[in-house]
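One file, final-v4.pdb, carrying PDB, C-alpha atoms:
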```
MODEL        1
ATOM      1  CA  MET I   1      27.160 -29.805-170.232
ATOM      2  CA  THR I   2      25.990 -26.730-172.092
ATOM      3  CA  ALA I   3      23.794 -24.399-170.053
ATOM      4  CA  PRO I   4      20.354 -23.627-171.487
ATOM      5  CA  ASP I   5      20.235 -20.450-173.538
ATOM      6  CA  PRO I   6      17.492 -18.212-172.043
ATOM      7  CA  HIS I   7      17.116 -16.472-175.419
ATOM      8  CA  HIS I   8      16.287 -19.745-177.197
ATOM      9  CA  PRO I   9      13.520 -21.628-175.346
ATOM     10  CA  ASP I  10      13.584 -25.399-175.354
ATOM     11  CA  PRO I  11      10.617 -26.680-177.434
ATOM     12  CA  GLU I  12      10.576 -29.971-175.520
ATOM     13  CA  LEU I  13      10.431 -28.157-172.201
ATOM     14  CA  ASP I  14       7.634 -25.920-173.491
ATOM     15  CA  ARG I  15       5.690 -29.010-174.599
ATOM     16  CA  LYS I  16       6.050 -30.663-171.198
ATOM     17  CA  VAL I  17       4.981 -27.488-169.405
ATOM     18  CA  ALA I  18       1.937 -27.175-171.674
ATOM     19  CA  GLU I  19       0.977 -30.814-171.092
ATOM     20  CA  ARG I  20       1.392 -30.465-167.344
ATOM     21  CA  THR I  21      -0.666 -27.276-167.297
ATOM     22  CA  ALA I  22      -3.430 -28.982-169.271
ATOM     23  CA  GLU I  23      -3.411 -31.938-166.861
ATOM     24  CA  LEU I  24      -3.652 -29.647-163.836
ATOM     25  CA  THR I  25      -6.445 -27.635-165.430
ATOM     26  CA  GLU I  26      -8.394 -30.820-166.119
ATOM     27  CA  LEU I  27      -7.827 -31.983-162.532
ATOM     28  CA  VAL I  28      -9.027 -28.663-161.133
ATOM     29  CA  GLY I  29     -12.123 -28.880-163.313
ATOM     30  CA  HIS I  30     -12.868 -32.371-162.024
ATOM     31  CA  LEU I  31     -12.348 -31.333-158.398
ATOM     32  CA  MET I  32     -14.627 -28.341-158.863
ATOM     33  CA  SER I  33     -17.349 -30.560-160.333
ATOM     34  CA  CYS I  34     -17.078 -32.981-157.404
ATOM     35  CA  TRP I  35     -17.134 -30.105-154.935
ATOM     36  CA  ASP I  36     -20.217 -28.601-156.561
ATOM     37  CA  GLU I  37     -22.035 -31.937-156.532
ATOM     38  CA  GLU I  38     -21.245 -32.501-152.848
ATOM     39  CA  ARG I  39     -22.546 -29.031-152.015
ATOM     40  CA  ARG I  40     -25.702 -29.657-154.031
ATOM     41  CA  LEU I  41     -26.375 -32.957-152.264
ATOM     42  CA  LEU I  42     -25.725 -31.459-148.819
ATOM     43  CA  ALA I  43     -28.080 -28.555-149.526
ATOM     44  CA  ARG I  44     -30.746 -30.997-150.669
ATOM     45  CA  LYS I  45     -30.374 -33.042-147.461
ATOM     46  CA  LEU I  46     -30.680 -29.910-145.336
ATOM     47  CA  HIS I  47     -33.845 -28.988-147.218
ATOM     48  CA  ASP I  48     -35.475 -32.408-147.207
ATOM     49  CA  SER I  49     -34.541 -33.419-143.665
ATOM     50  CA  LEU I  50     -33.833 -30.477-141.363
ATOM     51  CA  GLY I  51     -35.975 -27.946-143.208
ATOM     52  CA  SER I  52     -39.014 -30.200-143.392
ATOM     53  CA  SER I  53     -38.667 -31.222-139.740
ATOM     54  CA  MET I  54     -38.412 -27.617-138.546
ATOM     55  CA  THR I  55     -41.456 -26.608-140.572
ATOM     56  CA  ALA I  56     -43.439 -29.533-139.158
ATOM     57  CA  LEU I  57     -42.393 -28.628-135.603
ATOM     58  CA  THR I  58     -43.554 -25.056-136.151
ATOM     59  CA  MET I  59     -46.973 -26.294-137.282
ATOM     60  CA  HIS I  60     -47.313 -28.655-134.297
ATOM     61  CA  LEU I  61     -46.257 -25.928-131.899
ATOM     62  CA  GLY I  62     -48.880 -23.619-133.358
ATOM     63  CA  LEU I  63     -51.586 -26.226-132.795
ATOM     64  CA  LEU I  64     -50.465 -26.803-129.207
ATOM     65  CA  ALA I  65     -50.322 -23.085-128.478
ATOM     66  CA  LYS I  66     -53.989 -22.728-129.381
ATOM     67  CA  ASN I  67     -54.908 -24.954-126.430
ATOM     68  CA  LEU I  68     -52.782 -23.108-123.888
ATOM     69  CA  SER I  69     -54.565 -20.902-121.363
ATOM     70  CA  GLU I  70     -51.811 -19.681-119.024
ATOM     71  CA  ASP I  71     -49.992 -16.515-120.090
ATOM     72  CA  LYS I  72     -46.576 -17.914-119.109
ATOM     73  CA  ALA I  73     -47.135 -20.993-121.230
ATOM     74  CA  LYS I  74     -48.240 -18.842-124.167
ATOM     75  CA  ASP I  75     -45.134 -16.665-123.815
ATOM     76  CA  ARG I  76     -42.898 -19.721-123.722
ATOM     77  CA  ALA I  77     -44.621 -21.140-126.816
ATOM     78  CA  SER I  78     -44.122 -17.798-128.596
ATOM     79  CA  GLN I  79     -40.411 -17.830-127.722
ATOM     80  CA  MET I  80     -40.079 -21.393-129.003
ATOM     81  CA  LYS I  81     -41.806 -20.439-132.251
ATOM     82  CA  SER I  82     -39.445 -17.498-132.690
ATOM     83  CA  LEU I  83     -36.421 -19.755-132.137
ATOM     84  CA  LEU I  84     -37.732 -22.279-134.654
ATOM     85  CA  ASN I  85     -38.284 -19.531-137.209
ATOM     86  CA  ASN I  86     -34.699 -18.337-136.692
ATOM     87  CA  ILE I  87     -33.394 -21.875-137.203
ATOM     88  CA  ILE I  88     -35.479 -22.233-140.370
ATOM     89  CA  GLU I  89     -34.117 -18.950-141.753
ATOM     90  CA  THR I  90     -30.532 -19.882-140.869
ATOM     91  CA  ASN I  91     -30.985 -23.258-142.518
ATOM     92  CA  ARG I  92     -32.356 -21.547-145.630
ATOM     93  CA  LYS I  93     -29.324 -19.245-145.841
ATOM     94  CA  VAL I  94     -26.926 -22.163-145.388
ATOM     95  CA  GLN I  95     -28.708 -24.071-148.152
ATOM     96  CA  LEU I  96     -28.517 -21.054-150.437
ATOM     97  CA  GLY I  97     -24.818 -20.616-149.685
ATOM     98  CA  LEU I  98     -24.167 -24.229-150.579
ATOM     99  CA  TRP I  99     -26.373 -24.465-153.641
ATOM    100  CA  ASN I 100     -28.947 -22.202-155.266
ATOM    101  CA  ASP I 101     -31.893 -24.346-156.356
ATOM    102  CA  LYS I 102     -33.086 -21.582-158.640
ATOM    103  CA  LEU I 103     -29.993 -22.176-160.756
ATOM    104  CA  GLU I 104     -30.983 -25.784-161.282
ATOM    105  CA  PHE I 105     -34.731 -25.405-161.743
ATOM    106  CA  LEU I 106     -35.225 -21.857-163.085
ATOM    107  CA  GLY I 107     -31.857 -20.998-164.626
ATOM    108  CA  ILE I 108     -28.994 -18.577-164.085
ATOM    109  CA  LYS I 109     -31.124 -15.457-164.612
ATOM    110  CA  ALA I 110     -33.435 -16.285-161.706
ATOM    111  CA  ALA I 111     -30.492 -17.244-159.485
ATOM    112  CA  LEU I 112     -28.611 -14.014-160.223
ATOM    113  CA  ALA I 113     -31.716 -11.865-159.778
ATOM    114  CA  GLU I 114     -32.359 -13.374-156.333
ATOM    115  CA  LEU I 115     -28.698 -13.132-155.295
ATOM    116  CA  VAL I 116     -28.405  -9.453-156.237
ATOM    117  CA  ALA I 117     -31.738  -8.465-154.685
ATOM    118  CA  GLU I 118     -30.941 -10.174-151.364
ATOM    119  CA  PHE I 119     -27.441  -8.661-151.307
ATOM    120  CA  GLY I 120     -28.838  -5.163-151.710
ATOM    121  CA  GLN I 121     -31.515  -5.642-149.059
ATOM    122  CA  GLU I 122     -29.191  -7.233-146.514
ATOM    123  CA  HIS I 123     -26.276  -4.808-146.825
ATOM    124  CA  GLY I 124     -27.975  -1.532-147.739
ATOM    125  CA  VAL I 125     -26.187  -1.252-151.080
ATOM    126  CA  LYS I 126     -27.932  -0.155-154.261
ATOM    127  CA  ALA I 127     -27.650  -3.411-156.223
ATOM    128  CA  SER I 128     -29.022  -4.102-159.689
ATOM    129  CA  ALA I 129     -28.813  -6.899-162.246
ATOM    130  CA  SER I 130     -28.758  -6.498-166.027
ATOM    131  CA  LEU I 131     -29.667  -9.833-167.624
ATOM    132  CA  PRO I 132     -30.415 -11.076-171.164
ATOM    133  CA  ASP I 133     -34.036 -10.973-172.275
ATOM    134  CA  ASP I 134     -33.886 -14.589-173.370
ATOM    135  CA  ASP I 135     -32.775 -17.510-171.228
ATOM    136  CA  ASP I 136     -31.761 -20.224-173.671
ATOM    137  CA  GLY I 137     -30.306 -22.366-170.917
ATOM    138  CA  TYR I 138     -26.651 -22.868-170.174
ATOM    139  CA  ALA I 139     -24.458 -25.840-169.457
ATOM    140  CA  ARG I 140     -24.667 -26.646-165.755
ATOM    141  CA  ALA I 141     -20.967 -26.117-165.093
ATOM    142  CA  GLN I 142     -21.139 -22.716-166.769
ATOM    143  CA  GLY I 143     -24.162 -21.661-164.747
ATOM    144  CA  VAL I 144     -22.367 -22.614-161.530
ATOM    145  CA  ALA I 145     -19.214 -20.728-162.571
ATOM    146  CA  LEU I 146     -21.175 -17.581-163.445
ATOM    147  CA  LEU I 147     -23.045 -17.696-160.144
ATOM    148  CA  ARG I 148     -19.821 -18.233-158.167
ATOM    149  CA  CYS I 149     -18.297 -15.262-159.986
ATOM    150  CA  ALA I 150     -21.228 -13.072-158.966
ATOM    151  CA  GLU I 151     -21.002 -14.304-155.360
ATOM    152  CA  GLU I 152     -17.256 -13.684-155.139
ATOM    153  CA  GLY I 153     -17.593 -10.281-156.775
ATOM    154  CA  LEU I 154     -20.291  -9.206-154.330
ATOM    155  CA  ARG I 155     -18.236 -10.462-151.378
ATOM    156  CA  ASN I 156     -15.290  -8.356-152.517
ATOM    157  CA  VAL I 157     -17.537  -5.323-152.950
ATOM    158  CA  LEU I 158     -18.843  -5.779-149.413
ATOM    159  CA  HIS I 159     -15.444  -6.229-147.750
ATOM    160  CA  HIS I 160     -13.146  -4.009-149.820
ATOM    161  CA  ALA I 161     -14.883  -1.575-152.163
ATOM    162  CA  GLN I 162     -16.723   0.780-149.769
ATOM    163  CA  ALA I 163     -19.246   1.100-152.562
ATOM    164  CA  GLY I 164     -22.725   2.538-152.556
ATOM    165  CA  LYS I 165     -23.734   0.923-155.826
ATOM    166  CA  VAL I 166     -22.990  -2.401-157.517
ATOM    167  CA  GLU I 167     -24.203  -3.883-160.783
ATOM    168  CA  VAL I 168     -24.110  -7.475-161.999
ATOM    169  CA  ILE I 169     -24.251  -7.763-165.791
ATOM    170  CA  LEU I 170     -24.666 -10.943-167.837
ATOM    171  CA  ASP I 171     -24.093 -10.693-171.594
ATOM    172  CA  ASP I 172     -24.629 -13.473-174.131
ATOM    173  CA  ASP I 173     -23.704 -12.916-177.774
ATOM    174  CA  GLY I 174     -24.369 -16.523-178.780
ATOM    175  CA  GLU I 175     -20.673 -17.429-178.766
ATOM    176  CA  GLN I 176     -19.503 -16.169-175.400
ATOM    177  CA  LEU I 177     -20.973 -15.557-171.973
ATOM    178  CA  MET I 178     -19.622 -12.604-170.028
ATOM    179  CA  LEU I 179     -20.503 -11.831-166.429
ATOM    180  CA  THR I 180     -19.304  -8.574-164.874
ATOM    181  CA  VAL I 181     -19.581  -7.344-161.290
ATOM    182  CA  ARG I 182     -18.734  -3.652-161.117
ATOM    183  CA  ASP I 183     -18.999  -1.080-158.351
ATOM    184  CA  ASP I 184     -18.490   2.622-157.661
ATOM    185  CA  GLY I 185     -16.116   2.066-154.761
ATOM    186  CA  ILE I 186     -12.548   3.078-154.002
ATOM    187  CA  GLY I 187     -11.001   0.846-156.648
ATOM    188  CA  LEU I 188      -7.817  -1.180-156.385
ATOM    189  CA  PRO I 189      -5.190  -0.210-153.789
ATOM    190  CA  ASP I 190      -2.734   2.445-154.978
ATOM    191  CA  GLY I 191       0.072   0.852-156.927
ATOM    192  CA  ALA I 192      -1.565  -2.585-157.003
ATOM    193  CA  ALA I 193      -1.668  -4.318-160.360
ATOM    194  CA  PRO I 194      -4.902  -6.133-161.285
ATOM    195  CA  SER I 195      -2.945  -9.384-161.630
ATOM    196  CA  GLU I 196      -1.760  -9.071-158.016
ATOM    197  CA  SER I 197      -5.344  -8.791-156.776
ATOM    198  CA  LEU I 198      -6.158 -12.101-158.474
ATOM    199  CA  HIS I 199      -3.737 -13.846-156.097
ATOM    200  CA  CYS I 200      -6.232 -13.961-153.212
ATOM    201  CA  HIS I 201      -7.597 -17.464-152.699
ATOM    202  CA  GLY I 202     -11.207 -16.753-153.657
ATOM    203  CA  LEU I 203     -10.267 -15.145-156.960
ATOM    204  CA  ARG I 204      -7.590 -17.765-157.672
ATOM    205  CA  LEU I 205     -10.159 -20.547-157.345
ATOM    206  CA  LEU I 206     -12.545 -18.596-159.536
ATOM    207  CA  ARG I 207      -9.846 -18.052-162.158
ATOM    208  CA  GLU I 208      -9.040 -21.764-162.225
ATOM    209  CA  ARG I 209     -12.743 -22.575-162.525
ATOM    210  CA  ALA I 210     -12.967 -20.275-165.549
ATOM    211  CA  ARG I 211      -9.783 -21.710-167.058
ATOM    212  CA  ALA I 212     -11.091 -25.268-166.702
ATOM    213  CA  LEU I 213     -14.087 -24.217-168.819
ATOM    214  CA  GLY I 214     -11.884 -22.593-171.447
ATOM    215  CA  GLY I 215     -12.569 -19.084-170.185
ATOM    216  CA  THR I 216     -10.839 -16.194-168.462
ATOM    217  CA  LEU I 217     -11.181 -14.053-165.355
ATOM    218  CA  ALA I 218     -10.057 -10.430-165.174
ATOM    219  CA  LEU I 219     -10.074  -7.768-162.468
ATOM    220  CA  GLY I 220      -9.495  -4.117-163.222
ATOM    221  CA  PRO I 221     -10.821  -0.564-162.993
ATOM    222  CA  GLY I 222     -14.475  -0.020-163.824
ATOM    223  CA  PRO I 223     -15.516   2.248-166.718
ATOM    224  CA  GLU I 224     -16.589   4.957-164.279
ATOM    225  CA  GLY I 225     -14.221   4.220-161.403
ATOM    226  CA  GLY I 226     -14.397   1.471-158.822
ATOM    227  CA  THR I 227     -13.524  -2.053-159.894
ATOM    228  CA  ALA I 228     -14.896  -4.585-162.356
ATOM    229  CA  LEU I 229     -14.580  -8.356-162.082
ATOM    230  CA  THR I 230     -15.283 -10.086-165.396
ATOM    231  CA  MET I 231     -15.584 -13.761-166.311
ATOM    232  CA  VAL I 232     -15.763 -14.758-169.966
ATOM    233  CA  LEU I 233     -16.733 -18.299-170.992
ATOM    234  CA  PRO I 234     -17.150 -19.844-174.444
ATOM    235  CA  ARG I 235     -20.756 -20.894-175.037
ATOM    236  CA  GLN I 236     -21.369 -24.611-174.431
ATOM    237  CA  VAL I 237     -24.287 -26.844-175.349
ATOM    238  CA  PRO I 238     -26.915 -26.970-172.562
ATOM    239  CA  GLY I 239     -26.814 -30.242-170.675
ATOM    240  CA  ALA I 240     -23.049 -30.515-170.891
TER     241      ALA I 240
ENDMDL
END
```

Would you write the structure of this file as structure tokens?
Amino acid sequence: MTAPDPHHPDPELDRKVAERTAELTELVGHLMSCWDEERRLLARKLHDSLGSSMTALTMHLGLLAKNLSEDKAKDRASQMKSLLNNIIETNRKVQLGLWNDKLEFLGIKAALAELVAEFGQEHGVKASASLPDDDDGYARAQGVALLRCAEEGLRNVLHHAQAGKVEVILDDDGEQLMLTVRDDGIGLPDGAAPSESLHCHGLRLLRERARALGGTLALGPGPEGGTALTMVLPRQVPGA
């Protein structure tokens, strides 16, 4: 049997590899959609059930506290109210981590603006968002992918960049959507290629999410130092 010539690729093998890659990309896209829907439903249950119950308990506790006369009882009621408020806030953060309702009801601009503002306040980083003036609406899967890109980019800035400033930029030229998270941190490790950095699990999942939507994900040096994570997606019809 003649050994394959590495200088003359086998067209049939290339075709099979391309078909297999397309099948895997489609599967990843389907799994991502299912995962997103499960997260959305879980967040909604936490809001409608646990969140509503905790809010109601806080109101009832407030009414009961008004009728208390002993100082010890009032102190205990105050402690209980504080605990309930902490549970409500934790529940809110869990909901937001699972699914951002602003994305669904107000659009990607509102979701990104909230995400960036809360990141800056919580971690003491100067964070800003540059967003399009118009919000024409985006396909749901694209909005989710762009938001996940921003979340992953901010996580990397927090854990690796040692940055004092981060900017999230969304550009829309009518044909493509491009989201960039860039910082003024220490940049990529010395000698590390951008492609190597994309091998971490969070960025690999994000890259596959972009690929399933016909887009790309790139990580490299920022224009003024630091790093820049960029997702580019072809524009889709809203509602898709």

Å distance separating atom CA of Ala212 of chain I from atom CA of Glu26 of chain I, one decimal place: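 If I compute the distance from atom CA of Ala212 of chain I to atom CA of Glu26 of chain I, I get 6.2 Å.
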
Between I:Arg39, I:Arg15, I:Arg235, I:His201, single out the one closest to Leu96 of chain I, counting all atoms listed in the file.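 Of I:Arg39, I:Arg15, I:Arg235, I:His201, the one nearest Leu96 of chain I, counting all atoms listed in the file, is I:Arg39.
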
To verify the selection step, state as a list of chain:residue names which residues the PyMOL selection byres ((chain I and resi 73-89) around 9) yields on this input. I:Leu50, I:Gly51, I:Met54, I:Thr55, I:Leu57, I:Thr58, I:Leu61, I:Gly62, I:Leu64, I:Ala65, I:Lys66, I:Leu68, I:Ser69, I:Glu70, I:Asp71, I:Lys72, I:Thr90, I:Asn91, I:Arg92, I:Lys93, I:Val94

Two-atom distance - atom CA of Ala218 of chain I, atom CA of Leu177 of chain I (Å): 13.8 Å

The residue from I:Leu170, I:Leu63, I:Leu24, I:Ala163 with the smallest atom-to-atom distance to Ala110 of chain I, counting only C-alpha atoms, is I:Leu170

Distance of atom CA of Leu203 of chain I from atom CA of Ala139 of chain I, expressed in Å to one decimal place: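 These atoms are spaced 21.7 Å apart.
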
Choose the residue, out of I:Ala228, I:Ala56, I:Ala113, I:Ala141, that has the smallest atom-to-atom separation from Gly187 of chain I; count all atoms listed in the file.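 Of all the options, I:Ala228 lies closest to Gly187 of chain I.
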